[in-house]
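Take a look at the structure below.
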Amino acid sequence: MYKSYFPAYRDIVYLDNAATTMTPVEVIGENNYYLYFNANIHRSPHELGQKASNAYEEARTVIAEFAGFKANELIFTRNTTESINLLSNALDLSTKDIVLVPWTEHHANLLPWRHAGCDIEYLDLDDEGEIDLMQLKRTLDRLRGIYHRTIISFAHIGNINGVVQPYKKILTLTKAYGALVHVDAAQSIVKFKYSGVDFVSFSGHKLYGPTGIGALCIKEKHFKQLKPYQVGGGIIAEVKKHTHSFIEGPAMFEAGTPNITGAIQLQRACEFIEKLGRKTIFEYEKSLTNKLKHAVITAGGYPITAKGANIVTFKTEYHAGDVATLLGGKNVAVRGGMLCAEPYVRSIDENGLVRASVSFYNDELDIATFEKRLIEVCQRLKKSKTK
Ligand code: PLP
């Protein structure tokens with residue numbers, strides 16, 4: 001029913017929503033910025049500049065509220081990857097600090113921490129794919145008093161297993177130890193708000209918005225301990241020949257002219273989702289994902305987890321890249337390979353995994369077509385294997 005909202009949804013069964021969601025006409029809209037107030041923000045003392053600044057700041061307010069934060073707690077970035085790089089740099093981490101992160105995470109939530117010069121300990125998942133809370137507690141007990149800062153960073157919904165982590169329990173546990181919490185919300189921001197979390201990262205293109213825009217939300221009280229990530233125009237209080245000082249708050253992290261149109265379109269995406277209802281989207285996708293899981297099993301695949309919000313990642317007897325490519329040739333869009341989480345995927349299958357992921361615009365017909373095509377693809381690969 002919703003497919004008609006999405007102009008690019010034509011002649012395809014699109015089950016690659018964990019990579020990028022499609023963008024509805026309502027979000028693409030008319031590009032008001034270029035049509036009506038094409039000017040730079042926060043520096044141009046004229047009406048167009050004022051209108052552009054107002055639109056950009058209104059976007060900040062709406063998107064921050066959508067994430068469970070205040071406007072003065074949201075920094076615009078390019079995407080989740082940049083948000084986590086920004087955070088790990090701005091915290092100015094050293095070996096006096098430690099980051100606890102599941103080793104199963106997306107590379108975007110592993111590599112920035114490895115590059116940050118802090119200590120790292122990896123967390124395990126239990127048999128259900130959830131962060132092992134007992135291990136987390138034992139680790140926090142063992143580390144108590146050793147480090148200046150302890151940061152727990154995890155994806156609320158994993159991009160491989162689609163498992164929804166019990167983030168409130170993790171928050172309560174870690175807060176009792178004075179640790180800081182970063183949630184990688186790339187896969188989950190459509191469905192959840194994060195008031196109470198110290199740091200949250202997400203991307204516009206996974207929430208029905210444009211590419212090239214994302215956000216890092218930071219609780220106001222933490223800004224004091226952060227150093228700028230990139231320096232230049234737009235973030236300066238005063239510059240003398242040999243010294244300079246920075247303005248405070250999110251603007252300190254938005255050097256140069258930002259993605260103004262991206263912010264405005266992302267605001268529209270948040271409003272669009274709110275209108276549909278985040279809970280409704282979550283419940284619908286969960287029930288469709290169950291059907292997707294059955295389709296995978298019927299076609300001879302092996303889902304890697306029993307749970308999964310909107311994602312079913314699976315093995316077959318065949319190479320994941322071959323399965324995904326052949327499905328693509330039949331107009332069924334899925335991902336195959338290491339899925340940007342190589343340690344985790346290799347630990348399950350050296351040949352990679354196939355990931356199918358639904359959105360609220362998918363329907364049972366999509367699942368039935370997927371099942372049929374997956375059976376055909378597996379039959380074809382079986383034939384070429386036995387030749
Ligand atoms: N974190 C998770 C859980 C993801 O699924 C992704 C993308 O798939 C990212 C981070 C990186 O997002 P982006 O490529 O938009 O920076």
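We name chains A, B, ... following the order of the structure tokens; residues begin at 1 in each chain, and ligands are numbered from 1 as shown.
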List every residue of chain A that has an atom at most 9 Å from any atom of ligand 1, and for each one report the closest atom pair and its distance in Å to one decimal, counting only C-alpha atoms and all ligand atoms, with rows sorted by chain and then by increasing residue number, as a tab-separated table.
```
residue	atom	partner	partner_atom_place_in_ligand_line	distance
A:Ala18	CA	ligand 1	8 (O)	6.2
A:Ala19	CA	ligand 1	8 (O)	5.1
A:Thr20	CA	ligand 1	8 (O)	7.6
A:Arg78	CA	ligand 1	16 (O)	7.5
A:Asn79	CA	ligand 1	16 (O)	4.3
A:Thr80	CA	ligand 1	16 (O)	3.9
A:Thr81	CA	ligand 1	16 (O)	3.7
A:Glu82	CA	ligand 1	16 (O)	6.4
A:Ser83	CA	ligand 1	16 (O)	7.9
A:Ile84	CA	ligand 1	10 (C)	8.6
A:Glu105	CA	ligand 1	3 (C)	7.0
A:His106	CA	ligand 1	1 (N)	5.3
A:His107	CA	ligand 1	10 (C)	7.3
A:Ala108	CA	ligand 1	10 (C)	5.0
A:Asn109	CA	ligand 1	1 (N)	6.2
A:Phe154	CA	ligand 1	3 (C)	8.4
A:Ala155	CA	ligand 1	3 (C)	5.3
A:His156	CA	ligand 1	3 (C)	7.7
A:Ile157	CA	ligand 1	3 (C)	6.6
A:Gly158	CA	ligand 1	3 (C)	5.4
A:Asn159	CA	ligand 1	5 (O)	4.4
A:Ile160	CA	ligand 1	5 (O)	7.9
A:Asp184	CA	ligand 1	1 (N)	5.7
A:Ala185	CA	ligand 1	3 (C)	6.6
A:Ala186	CA	ligand 1	2 (C)	4.8
A:Gln187	CA	ligand 1	5 (O)	5.4
A:Ser188	CA	ligand 1	3 (C)	8.2
A:Ser201	CA	ligand 1	10 (C)	8.3
A:Phe202	CA	ligand 1	15 (O)	7.1
A:Ser203	CA	ligand 1	15 (O)	4.9
A:Gly204	CA	ligand 1	15 (O)	7.4
A:His205	CA	ligand 1	15 (O)	6.7
A:Lys206	CA	ligand 1	15 (O)	7.0
A:Thr211	CA	ligand 1	15 (O)	7.9
A:Gly212	CA	ligand 1	15 (O)	8.3
A:Ile213	CA	ligand 1	15 (O)	8.6
A:Gly214	CA	ligand 1	15 (O)	7.5
A:Leu339	CA	ligand 1	8 (O)	7.9
A:Cys340	CA	ligand 1	8 (O)	7.3
```
Selection near region 368-384 of chain A, 12 Å with only C-alpha atoms, sequence-local residues under 4 positions removed, as an mmCIF file with C-alpha atoms, in the first residue's frame:
```cif
data_model
loop_
_atom_site.group_PDB
_atom_site.id
_atom_site.type_symbol
_atom_site.label_atom_id
_atom_site.label_comp_id
_atom_site.auth_asym_id
_atom_site.auth_seq_id
_atom_site.Cartn_x
_atom_site.Cartn_y
_atom_site.Cartn_z
ATOM 1 C CA ASP A 11 9.846 -3.482 -10.880
ATOM 2 C CA ILE A 12 11.827 -4.779 -7.934
ATOM 3 C CA VAL A 13 11.404 -6.594 -4.647
ATOM 4 C CA TYR A 14 13.492 -4.332 -2.458
ATOM 5 C CA LEU A 15 14.742 -6.219 0.600
ATOM 6 C CA ASP A 16 17.937 -4.225 1.133
ATOM 7 C CA LEU A 288 6.686 -9.443 8.143
ATOM 8 C CA LYS A 291 7.243 -14.477 7.396
ATOM 9 C CA LEU A 292 10.552 -13.673 5.750
ATOM 10 C CA LYS A 293 12.312 -16.073 8.118
ATOM 11 C CA HIS A 294 9.892 -18.856 7.178
ATOM 12 C CA ALA A 295 10.459 -18.077 3.500
ATOM 13 C CA VAL A 296 14.226 -18.433 3.980
ATOM 14 C CA ILE A 297 13.791 -21.784 5.754
ATOM 15 C CA THR A 298 11.336 -23.074 3.126
ATOM 16 C CA ALA A 299 13.829 -22.181 0.382
ATOM 17 C CA GLY A 300 16.585 -24.152 2.168
ATOM 18 C CA GLY A 301 18.403 -21.312 3.923
ATOM 19 C CA PHE A 314 21.122 -16.431 6.504
ATOM 20 C CA LYS A 315 23.479 -19.055 5.161
ATOM 21 C CA THR A 316 22.828 -21.388 2.288
ATOM 22 C CA GLU A 317 24.914 -24.232 0.854
ATOM 23 C CA TYR A 318 26.341 -21.699 -1.584
ATOM 24 C CA HIS A 319 28.552 -18.644 -1.673
ATOM 25 C CA ALA A 320 26.672 -15.621 -0.291
ATOM 26 C CA GLY A 321 27.917 -13.334 -3.072
ATOM 27 C CA ASP A 322 26.592 -15.750 -5.730
ATOM 28 C CA VAL A 323 23.190 -16.017 -4.064
ATOM 29 C CA ALA A 324 22.836 -12.225 -3.713
ATOM 30 C CA THR A 325 24.018 -11.568 -7.279
ATOM 31 C CA LEU A 326 21.676 -14.162 -8.796
ATOM 32 C CA LEU A 327 18.766 -12.813 -6.754
ATOM 33 C CA GLY A 328 19.689 -9.323 -7.972
ATOM 34 C CA GLY A 329 19.518 -10.640 -11.543
ATOM 35 C CA LYS A 330 15.935 -11.653 -10.786
ATOM 36 C CA ASN A 331 15.080 -8.190 -9.435
ATOM 37 C CA VAL A 332 15.199 -9.217 -5.802
ATOM 38 C CA ALA A 333 17.474 -6.799 -3.925
ATOM 39 C CA VAL A 334 19.387 -8.250 -0.943
ATOM 40 C CA VAL A 354 23.022 -13.122 2.731
ATOM 41 C CA ALA A 356 17.297 -9.640 3.524
ATOM 42 C CA SER A 357 15.677 -6.756 5.371
ATOM 43 C CA VAL A 358 12.152 -5.405 5.233
ATOM 44 C CA ASN A 362 7.179 -4.337 1.811
ATOM 45 C CA ASP A 363 4.280 -6.788 1.794
ATOM 46 C CA GLU A 364 3.518 -10.498 1.720
#
```
Worksheet item: Which residue out of A:Val312, A:Leu48, A:Met22, A:Ala306 has the minimum interatomic distance to Glu128 (chain A) when only C-alpha atoms are used?
Response: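 Ranked by minimum distance to Glu128 (chain A), first place goes to A:Ala306.
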Worksheet item: Interatomic distance between CA of Leu133 (chain A) and CA of Lys221 (chain A)?
Response: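 That distance, rounded to one decimal, is 27.0 Å.
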Pick out each residue of region 71-283 of chain A that DSSP on the backbone tags as alpha helix (DSSP H); I need them as a PDB file with C-alpha atoms, in the first residue's frame.
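This is the output file part-v3.pdb:
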```pdb
ATOM      1  CA  THR A  80      26.674   7.352  11.354  1.00  0.00           C
ATOM      2  CA  THR A  81      30.269   6.607  10.403  1.00  0.00           C
ATOM      3  CA  GLU A  82      31.228  10.262  10.647  1.00  0.00           C
ATOM      4  CA  SER A  83      29.267  10.640  13.899  1.00  0.00           C
ATOM      5  CA  ILE A  84      31.266   7.852  15.572  1.00  0.00           C
ATOM      6  CA  ASN A  85      34.565   9.155  14.183  1.00  0.00           C
ATOM      7  CA  LEU A  86      33.674  12.617  15.461  1.00  0.00           C
ATOM      8  CA  LEU A  87      32.773  11.297  18.906  1.00  0.00           C
ATOM      9  CA  SER A  88      35.828   9.085  19.300  1.00  0.00           C
ATOM     10  CA  ASN A  89      38.097  12.010  18.308  1.00  0.00           C
ATOM     11  CA  ALA A  90      36.291  14.718  20.255  1.00  0.00           C
ATOM     12  CA  LEU A 111      37.360   0.956  13.746  1.00  0.00           C
ATOM     13  CA  PRO A 112      36.908   4.539  15.032  1.00  0.00           C
ATOM     14  CA  TRP A 113      37.459   3.250  18.593  1.00  0.00           C
ATOM     15  CA  ARG A 114      40.519   1.248  17.524  1.00  0.00           C
ATOM     16  CA  HIS A 115      41.938   4.425  15.973  1.00  0.00           C
ATOM     17  CA  LEU A 133      24.805  -8.778  30.576  1.00  0.00           C
ATOM     18  CA  MET A 134      26.569 -11.054  33.074  1.00  0.00           C
ATOM     19  CA  GLN A 135      29.838 -10.674  31.196  1.00  0.00           C
ATOM     20  CA  LEU A 136      29.269  -6.916  30.968  1.00  0.00           C
ATOM     21  CA  LYS A 137      28.702  -6.730  34.727  1.00  0.00           C
ATOM     22  CA  ARG A 138      31.793  -8.842  35.460  1.00  0.00           C
ATOM     23  CA  THR A 139      33.846  -6.628  33.162  1.00  0.00           C
ATOM     24  CA  LEU A 140      32.571  -3.440  34.796  1.00  0.00           C
ATOM     25  CA  ASP A 141      33.347  -4.914  38.238  1.00  0.00           C
ATOM     26  CA  ARG A 142      36.878  -5.822  37.156  1.00  0.00           C
ATOM     27  CA  LEU A 143      37.540  -2.417  35.589  1.00  0.00           C
ATOM     28  CA  TYR A 167      19.363  -1.022  25.775  1.00  0.00           C
ATOM     29  CA  LYS A 168      17.448   0.154  28.844  1.00  0.00           C
ATOM     30  CA  LYS A 169      18.900  -2.692  30.933  1.00  0.00           C
ATOM     31  CA  ILE A 170      22.370  -1.936  29.578  1.00  0.00           C
ATOM     32  CA  LEU A 171      21.877   1.742  30.395  1.00  0.00           C
ATOM     33  CA  THR A 172      20.767   1.041  33.967  1.00  0.00           C
ATOM     34  CA  LEU A 173      23.617  -1.386  34.562  1.00  0.00           C
ATOM     35  CA  THR A 174      26.346   0.819  33.129  1.00  0.00           C
ATOM     36  CA  LYS A 175      25.094   4.015  34.775  1.00  0.00           C
ATOM     37  CA  ILE A 260      21.624  22.666   4.586  1.00  0.00           C
ATOM     38  CA  THR A 261      19.223  20.943   2.184  1.00  0.00           C
ATOM     39  CA  GLY A 262      20.049  17.558   3.706  1.00  0.00           C
ATOM     40  CA  ALA A 263      19.049  18.812   7.153  1.00  0.00           C
ATOM     41  CA  ILE A 264      15.761  20.206   5.826  1.00  0.00           C
ATOM     42  CA  GLN A 265      14.924  16.937   4.044  1.00  0.00           C
ATOM     43  CA  LEU A 266      15.881  14.910   7.080  1.00  0.00           C
ATOM     44  CA  GLN A 267      13.426  16.973   9.134  1.00  0.00           C
ATOM     45  CA  ARG A 268      10.742  16.007   6.616  1.00  0.00           C
ATOM     46  CA  ALA A 269      11.719  12.351   6.949  1.00  0.00           C
ATOM     47  CA  CYS A 270      11.318  12.511  10.738  1.00  0.00           C
ATOM     48  CA  GLU A 271       7.912  14.160  10.375  1.00  0.00           C
ATOM     49  CA  PHE A 272       6.888  11.545   7.819  1.00  0.00           C
ATOM     50  CA  ILE A 273       7.803   8.699  10.190  1.00  0.00           C
ATOM     51  CA  GLU A 274       6.063  10.313  13.154  1.00  0.00           C
ATOM     52  CA  LYS A 275       2.913  10.581  11.051  1.00  0.00           C
ATOM     53  CA  LEU A 276       2.996   6.874  10.192  1.00  0.00           C
ATOM     54  CA  ARG A 278       7.010   4.471  14.969  1.00  0.00           C
ATOM     55  CA  LYS A 279       5.371   1.686  16.972  1.00  0.00           C
ATOM     56  CA  THR A 280       3.120   0.738  14.059  1.00  0.00           C
ATOM     57  CA  ILE A 281       6.158   0.510  11.770  1.00  0.00           C
ATOM     58  CA  PHE A 282       8.039  -1.629  14.320  1.00  0.00           C
ATOM     59  CA  GLU A 283       5.158  -4.069  14.866  1.00  0.00           C
TER      60      GLU A 283
END
```
Worksheet entry | Using only C-alpha atoms: which of A:Gln165, A:Asn290, A:Ser245, A:Gln230 has the shortest distance to Pro102 (chain A) |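 Ranked by minimum distance to Pro102 (chain A), first place goes to A:Gln165.
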